[in-house]
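A quick write-up on the structure given underneath.
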Amino acid sequence: MQISKVMVVDDDPSIRRIAEISLTRVGRWNVLMVQSGEAALSALGDFNPDVIVMDFMMPGMDGAELFAEMRKLTDTPIIFMTAKVHVHEVHGYYQIGANGVISKPFDPMKLPEQIQSICQQPSQSIQQTSGIA
């Protein structure tokens, strides 16, 4: 899968800024940063991302709710980028249909590579690339 456009959904401005720098400078991708689920849903059709990277814990609409709403609109790969990475939590992300999980804190130099790796995996054999045990 060739990636050129990435939507990042995270309520933390610091995470958004680091991810934006990483994905534009290292990944050389066109990136749309949004701070809420509502903003992501509003921008989805106009931006038409190749992949969506989202936090799981957000105020208002959390990651599970946003995932469900996005699945009604698109089959774009969705990757959770979260600090909640206990084995049972990661298993839950895959159970709802996530394409991958990247743990926070993430390495900005490796973030584009992690996203690309997840997107290249066949959907029936998705495995995490975050190093989570």
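Residues are referred to by chain and number: the chain letter is A, B, ... according to the order shown in the structure tokens, the number counts from 1 in that chain, and ligands are numbered separately from 1 in the order shown.
Here the DSSP assignment of strand (DSSP E or B), based on backbone atoms, applies within range 34-113 of chain A to Val34, Val51, Ile52, Val53, Met54, Ile78, Ile79, Phe80, Met81, Thr82, Gly100, Val101, Ile102 and Ser103 of chain A.
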Write the residues of the selection above to a file with N, CA and C atoms, as a compact mmCIF listing (two decimals), in the first residue's frame.
```
# COMPACT_ATOMS: atom_id res chain seq x y z
N VAL A 34 -5.97 16.42 13.70
CA VAL A 34 -7.23 16.84 14.31
C VAL A 34 -7.22 16.47 15.78
N VAL A 51 -4.51 6.32 5.56
CA VAL A 51 -4.46 5.65 6.86
C VAL A 51 -4.84 6.67 7.94
N ILE A 52 -5.46 6.16 9.00
CA ILE A 52 -5.86 7.00 10.14
C ILE A 52 -5.12 6.47 11.36
N VAL A 53 -4.45 7.37 12.08
CA VAL A 53 -3.75 7.03 13.31
C VAL A 53 -4.45 7.79 14.42
N MET A 54 -4.97 7.06 15.42
CA MET A 54 -5.73 7.76 16.46
C MET A 54 -5.42 7.28 17.86
N ILE A 78 -7.04 1.74 10.12
CA ILE A 78 -7.02 2.54 11.35
C ILE A 78 -6.04 1.89 12.32
N ILE A 79 -5.12 2.73 12.81
CA ILE A 79 -4.09 2.29 13.76
C ILE A 79 -4.29 3.08 15.05
N PHE A 80 -4.34 2.37 16.17
CA PHE A 80 -4.39 3.06 17.46
C PHE A 80 -2.97 3.36 17.91
N MET A 81 -2.75 4.59 18.34
CA MET A 81 -1.48 5.02 18.92
C MET A 81 -1.82 5.46 20.34
N THR A 82 -1.42 4.64 21.31
CA THR A 82 -1.92 4.83 22.66
C THR A 82 -0.91 4.38 23.72
N GLY A 100 -3.70 -2.04 13.53
CA GLY A 100 -2.45 -2.10 14.25
C GLY A 100 -2.47 -1.24 15.50
N VAL A 101 -1.41 -1.38 16.29
CA VAL A 101 -1.26 -0.62 17.53
C VAL A 101 0.18 -0.14 17.61
N ILE A 102 0.34 1.14 17.90
CA ILE A 102 1.66 1.73 18.14
C ILE A 102 1.63 2.30 19.55
N SER A 103 2.61 1.92 20.35
CA SER A 103 2.61 2.37 21.74
C SER A 103 3.21 3.77 21.87
```
* Asked: Near Ile118 in chain A, counting only C-alpha atoms, which residues have an atom at most 7 Å away, once you skip same-chain residues fewer than 3 positions from it, shown as a PyMOL selection string?
  -> chain A and resi 99-100+114-115+121+129
* Asked: How far is it from CA of Gly37 in chain A to CA of Asp50 in chain A, in Å with one decimal?
  -> 17.4 Å
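Among the candidate residues A:Gly97, A:Gly60, A:Pro112, A:Pro122, the one lying nearest to Val6 in chain A is A:Pro112, with distances computed using only C-alpha atoms.
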* Asked: In Å to one decimal, how far is CA of Gln120 in chain A from CA of Pro108 in chain A?
  -> 19.5 Å
* To do: Quick one: everything within 12 Å of Arg71 in chain A, counting only C-alpha atoms, minus sequence neighbours fewer than 4 positions away in the same chain. Send it as a PyMOL selection string.
  => chain A and resi 41+44+52+63-67+75-78+96-98
Could you dump the residues just selected with N, CA and C atoms as a short mmCIF file (atom, residue, chain, number, x, y, z; two decimals), in the first residue's frame?
```cif
data_model
loop_
_atom_site.label_atom_id
_atom_site.label_comp_id
_atom_site.auth_asym_id
_atom_site.auth_seq_id
_atom_site.Cartn_x
_atom_site.Cartn_y
_atom_site.Cartn_z
N LEU A 41 -14.30 13.08 12.00
CA LEU A 41 -15.44 12.68 11.17
C LEU A 41 -15.80 13.77 10.17
N LEU A 44 -13.03 13.76 7.36
CA LEU A 44 -12.73 12.49 6.70
C LEU A 44 -13.00 12.51 5.20
N ILE A 52 -5.46 6.16 9.00
CA ILE A 52 -5.86 7.00 10.14
C ILE A 52 -5.12 6.47 11.36
N GLY A 63 -11.73 6.45 21.46
CA GLY A 63 -11.25 5.73 20.30
C GLY A 63 -12.20 4.66 19.81
N ALA A 64 -12.84 3.94 20.72
CA ALA A 64 -13.77 2.87 20.31
C ALA A 64 -14.98 3.47 19.61
N GLU A 65 -15.52 4.54 20.15
CA GLU A 65 -16.67 5.20 19.53
C GLU A 65 -16.31 5.77 18.16
N LEU A 66 -15.15 6.43 18.09
CA LEU A 66 -14.71 7.01 16.83
C LEU A 66 -14.46 5.92 15.79
N PHE A 67 -13.84 4.83 16.22
CA PHE A 67 -13.59 3.71 15.31
C PHE A 67 -14.90 3.22 14.71
N ASP A 75 -13.36 2.24 4.86
CA ASP A 75 -12.61 1.04 5.22
C ASP A 75 -11.11 1.33 5.29
N THR A 76 -10.77 2.62 5.38
CA THR A 76 -9.39 3.06 5.52
C THR A 76 -8.74 2.37 6.73
N PRO A 77 -7.50 1.91 6.59
CA PRO A 77 -6.83 1.30 7.75
C PRO A 77 -6.77 2.27 8.93
N ILE A 78 -7.04 1.74 10.12
CA ILE A 78 -7.02 2.54 11.35
C ILE A 78 -6.04 1.89 12.32
N ILE A 96 -11.90 -5.19 18.00
CA ILE A 96 -12.86 -4.27 17.37
C ILE A 96 -12.51 -3.99 15.91
N GLY A 97 -11.32 -4.44 15.48
CA GLY A 97 -10.98 -4.32 14.06
C GLY A 97 -9.82 -3.42 13.71
N ALA A 98 -9.06 -2.98 14.70
CA ALA A 98 -7.90 -2.12 14.41
C ALA A 98 -6.91 -2.85 13.50
#
```
* Asked: Quick one: DSSP helix (DSSP H, G or I) residues in range 44-124 of chain A, as a PyMOL selection string?
  -> chain A and resi 44-47+63-73+87-96+111-120+123-124
Just the selected residues (C-alpha atoms), exported as a PDB file, in the first residue's frame, please.
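Resulting contents of out22.pdb:
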```
ATOM      1  CA  LEU A  44     -12.730  12.494   6.702  1.00  0.00           C
ATOM      2  CA  GLY A  45     -14.516  12.922   3.376  1.00  0.00           C
ATOM      3  CA  ASP A  46     -12.646  16.034   2.285  1.00  0.00           C
ATOM      4  CA  PHE A  47      -9.187  14.750   3.237  1.00  0.00           C
ATOM      5  CA  GLY A  63     -11.248   5.728  20.298  1.00  0.00           C
ATOM      6  CA  ALA A  64     -13.770   2.869  20.315  1.00  0.00           C
ATOM      7  CA  GLU A  65     -16.672   5.196  19.526  1.00  0.00           C
ATOM      8  CA  LEU A  66     -14.713   7.011  16.826  1.00  0.00           C
ATOM      9  CA  PHE A  67     -13.585   3.711  15.314  1.00  0.00           C
ATOM     10  CA  ALA A  68     -17.196   2.514  15.074  1.00  0.00           C
ATOM     11  CA  GLU A  69     -18.330   5.770  13.457  1.00  0.00           C
ATOM     12  CA  MET A  70     -15.438   5.766  10.982  1.00  0.00           C
ATOM     13  CA  ARG A  71     -16.163   2.179   9.971  1.00  0.00           C
ATOM     14  CA  LYS A  72     -19.638   3.336   8.883  1.00  0.00           C
ATOM     15  CA  LEU A  73     -17.959   5.784   6.473  1.00  0.00           C
ATOM     16  CA  VAL A  87      -1.940  -7.266  26.616  1.00  0.00           C
ATOM     17  CA  HIS A  88      -5.702  -7.337  27.226  1.00  0.00           C
ATOM     18  CA  GLU A  89      -6.072  -3.756  25.952  1.00  0.00           C
ATOM     19  CA  VAL A  90      -4.116  -4.471  22.761  1.00  0.00           C
ATOM     20  CA  HIS A  91      -6.175  -7.619  22.238  1.00  0.00           C
ATOM     21  CA  GLY A  92      -9.316  -5.475  22.561  1.00  0.00           C
ATOM     22  CA  TYR A  93      -8.142  -3.061  19.851  1.00  0.00           C
ATOM     23  CA  TYR A  94      -7.667  -5.951  17.447  1.00  0.00           C
ATOM     24  CA  GLN A  95     -11.026  -7.432  18.431  1.00  0.00           C
ATOM     25  CA  ILE A  96     -12.863  -4.268  17.374  1.00  0.00           C
ATOM     26  CA  LEU A 111       6.823   6.264  13.322  1.00  0.00           C
ATOM     27  CA  PRO A 112       6.416   6.405   9.508  1.00  0.00           C
ATOM     28  CA  GLU A 113       8.124   3.015   9.186  1.00  0.00           C
ATOM     29  CA  GLN A 114       5.800   1.512  11.807  1.00  0.00           C
ATOM     30  CA  ILE A 115       2.721   2.870  10.028  1.00  0.00           C
ATOM     31  CA  GLN A 116       3.940   1.629   6.643  1.00  0.00           C
ATOM     32  CA  SER A 117       4.702  -1.806   8.091  1.00  0.00           C
ATOM     33  CA  ILE A 118       1.234  -2.144   9.611  1.00  0.00           C
ATOM     34  CA  CYS A 119      -0.435  -1.076   6.364  1.00  0.00           C
ATOM     35  CA  GLN A 120       1.500  -3.658   4.360  1.00  0.00           C
ATOM     36  CA  SER A 123      -5.662  -7.956   7.229  1.00  0.00           C
ATOM     37  CA  GLN A 124      -6.165 -11.580   8.269  1.00  0.00           C
TER      38      GLN A 124
END
```
* Can you pull out every residue within 9 Å of Arg16 in chain A, counting only C-alpha atoms, but drop anything in the same chain fewer than 5 positions away, and send it as a ChimeraX atom specification? => /A:8-11,21,33-35
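Proximity to Pro49 in chain A was assessed for A:Met1, A:Asp62, A:Lys110, A:Asn30 counting only C-alpha atoms; the smallest distance is recorded for A:Asn30.
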